[in-house]
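A quick write-up on the structure given underneath.
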Amino acid sequence: MLERLFKLQEHNTTVKTEVIAGLTTFLTMAYIIFVNPSLLAAAGMDSGAVFVATCLAAAIGCFIMGFYANYPVAMAPGMGLNAFFSFTVVGQMGYSWQVALGAVFFSGICFFLLSAFRIREWIINSIPLSLRGGIGAGIGFFLGFLGLQNAGIVVDNPATLVSMGDMTSWNAIMACLGFVVIAALYFRGVTGSVMIGILSVTLLSIATGHVELNGIFAMPPSLVPTFMQLDLAGALDIGLVSIVFSFLFVDMFDTSGTLIAVAQKGNLLDKDGNMPRINRALMADSTATVAGSMLGTSTTTSYIESGAGIAAGGRTGLTAVVVGLLFIVSLFLSPLAGAIPAYATAPALFFVAVLMTHSLVKIDWDDITEAAPVGVAAITMPLTYSVASGIALGIIAWTGIKLISGRQKEITPAMIVLTALFIVKFMIF
């Protein structure tokens with residue numbers, strides 16, 4: 001049955017190899033079951049329900065990716081998009097989390113339609129590669145800023161907006177220790193370095209009495225507080241158009257980049273360098289996003305950590321299915337997830353931020369018409385506390401600088417349309 005479903009011999013792999021690869025991928029990305037509830041709780045959502053929604057959305061995404069697309073790519077609620085959900089859409093713009101879930105739902109529907117009608121390629125090819133890198137780095141800076149806040153290392157200041165917190169506090173010390181552990185283990189190639197860092201800080205805090213642990217295993221919390229609570233009517237508000245677009249935009253580029261990167265790593269591209277069944281993979285992503293919004297979590301996307309499983313030999317969708325099964329098992333770890341403090345997940349946020357800023361390496365810094373818009377997008381995201389604003393300002397800067405520099409031939413029709421829409425958005429909304 002497994003051979004018929006996943007074509008193991010054709011991909012030169014075995015059930016044992018795929019299981020090991022699935023376990024490897026899961027350990028590298030399992031931190032999301034601890035981090036996502038913490039971030040979405042900041043939007044007023046029930047952390048127990050979000051914990052369940054996170055595990056279920058990840059499992060659904062992995063199963064669709066495995067059975068339908070037959071790729072060893074795991075899925076879960078995306079880092080950066082969850083922060084955008086809580087701190088921009090809900091925190092800064094003042095929408096309810098129910099409306100934000102509605103926006104996630106519509107972004108998933110749009111992603112599905114764009115994939116089904118093969119419009120995705122036109123949009124992606126219209127956005128400059130350097131600007132995509134700037135957006136990725138900007139999301140990384142935003143996550144890093146959140147991590148520093150959760151650790152108490154960065155605090156508010158009425159004179160300078162932000163300043164350094166008390167570095168001798170338990171929270172700050174533990175966050176720094178967690179980051180050092182994660183980075184060092186990652187360098188040594190230890191599987192699950194991020195999760196080990198989170199759990200190490202948590203266990204040390206429990207041992208010293210700073211955190212109380214009420215068991216490790218239990219029946220999953222109720223999903224009722226978030227299940228089908230999305231406000232679709234509220235999400236149709238004209239002011240949310242840019243929010244839906246931002247969810248769609250970030251997910252589309254994140255997914256496409258991840259799929260191509262892991263396909264290259266696993267030699268899964270065809271002789272022309274294209275990824276077979278890419279539309280199936282994209283539909284798996286969009287379908288999981290729609291399902292996740294109904295369950296009660298932010299956008300579900302493909303994880304670059306899937307590369308760890310591919311490095312361990314994963315070549316088929318069986319790897320993704322194993323990851324999905326492990327997320328189902330994780331539903332019974334709610335007491336442990338509930339005991340993890342914000343300062344234990346803070347180093348994970350900061351470490352993911354470090355990895356995401358790697359995209360800046362590919363920027364041509366000698367060409368100011370390329371570098372300046374990248375800087376605008378990357379810097380304004382954390383400083384405006386808004387991924388959407390950073391994307392909009394980066395696109396406007398790109399078009400304006402290219403136009404005035406006499407390089408209008410490099411401006412695609414899609415960029416002109418996006419620039420016009422974002423200018424109208426800033427002027428009216």
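All residue names refer to the structure tokens as shown: chains lettered A, B, ... in order, residues numbered from 1 in each chain, ligands numbered from 1 in order.
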Subject >> Polymer residues at most 12 Å from Asp367 (chain A), only C-alpha atoms, same-chain spacing of 5 or more positions, as a ChimeraX atom specification >> reply: /A:130,372-374,401-402,405
Given only C-alpha atoms, how would the per-residue table for region 119-160 of chain A near region 381-388 of chain A read, listing every residue at most 10 Å away with its closest atom pair and distance in Å to one decimal, sorted by chain and number, as JSON lines?
{"residue": "A:Ile135", "atom": "CA", "partner": "A:Val387", "partner_atom": "CA", "distance": 8.3}
{"residue": "A:Gly136", "atom": "CA", "partner": "A:Val387", "partner_atom": "CA", "distance": 9.9}
{"residue": "A:Ala137", "atom": "CA", "partner": "A:Met381", "partner_atom": "CA", "distance": 9.4}
{"residue": "A:Gly138", "atom": "CA", "partner": "A:Met381", "partner_atom": "CA", "distance": 5.6}
{"residue": "A:Ile139", "atom": "CA", "partner": "A:Val387", "partner_atom": "CA", "distance": 6.6}
{"residue": "A:Gly140", "atom": "CA", "partner": "A:Pro382", "partner_atom": "CA", "distance": 8.8}
{"residue": "A:Phe141", "atom": "CA", "partner": "A:Pro382", "partner_atom": "CA", "distance": 6.1}
{"residue": "A:Phe142", "atom": "CA", "partner": "A:Pro382", "partner_atom": "CA", "distance": 4.3}
{"residue": "A:Leu143", "atom": "CA", "partner": "A:Pro382", "partner_atom": "CA", "distance": 8.0}
{"residue": "A:Gly144", "atom": "CA", "partner": "A:Pro382", "partner_atom": "CA", "distance": 8.6}
{"residue": "A:Phe145", "atom": "CA", "partner": "A:Pro382", "partner_atom": "CA", "distance": 6.6}
{"residue": "A:Leu146", "atom": "CA", "partner": "A:Pro382", "partner_atom": "CA", "distance": 8.6}
**OP:** For region 45-53 of chain A, please output as a PyMOL selection string all residues within 10 Å (counting only C-alpha atoms; exclusion window: fewer than 3 positions along the same chain).
**Re:** chain A and resi 32-42+56-59+77+86+96-98+220-227+291-298+327-328+330-335+337-338
Original post:
When DSSP works through the backbone of this structure, what residues of region 27-237 of chain A end up as strand (DSSP E), shown as an MDAnalysis selection string?
Top reply: chainID A and resid 75:77 154:157 161:164
Subject >> Interatomic distance, CA of Met283 (chain A) to CA of Phe112 (chain A) (Å, one decimal) >> reply: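 For CA of Met283 (chain A) relative to CA of Phe112 (chain A), the distance reads 5.6 Å.
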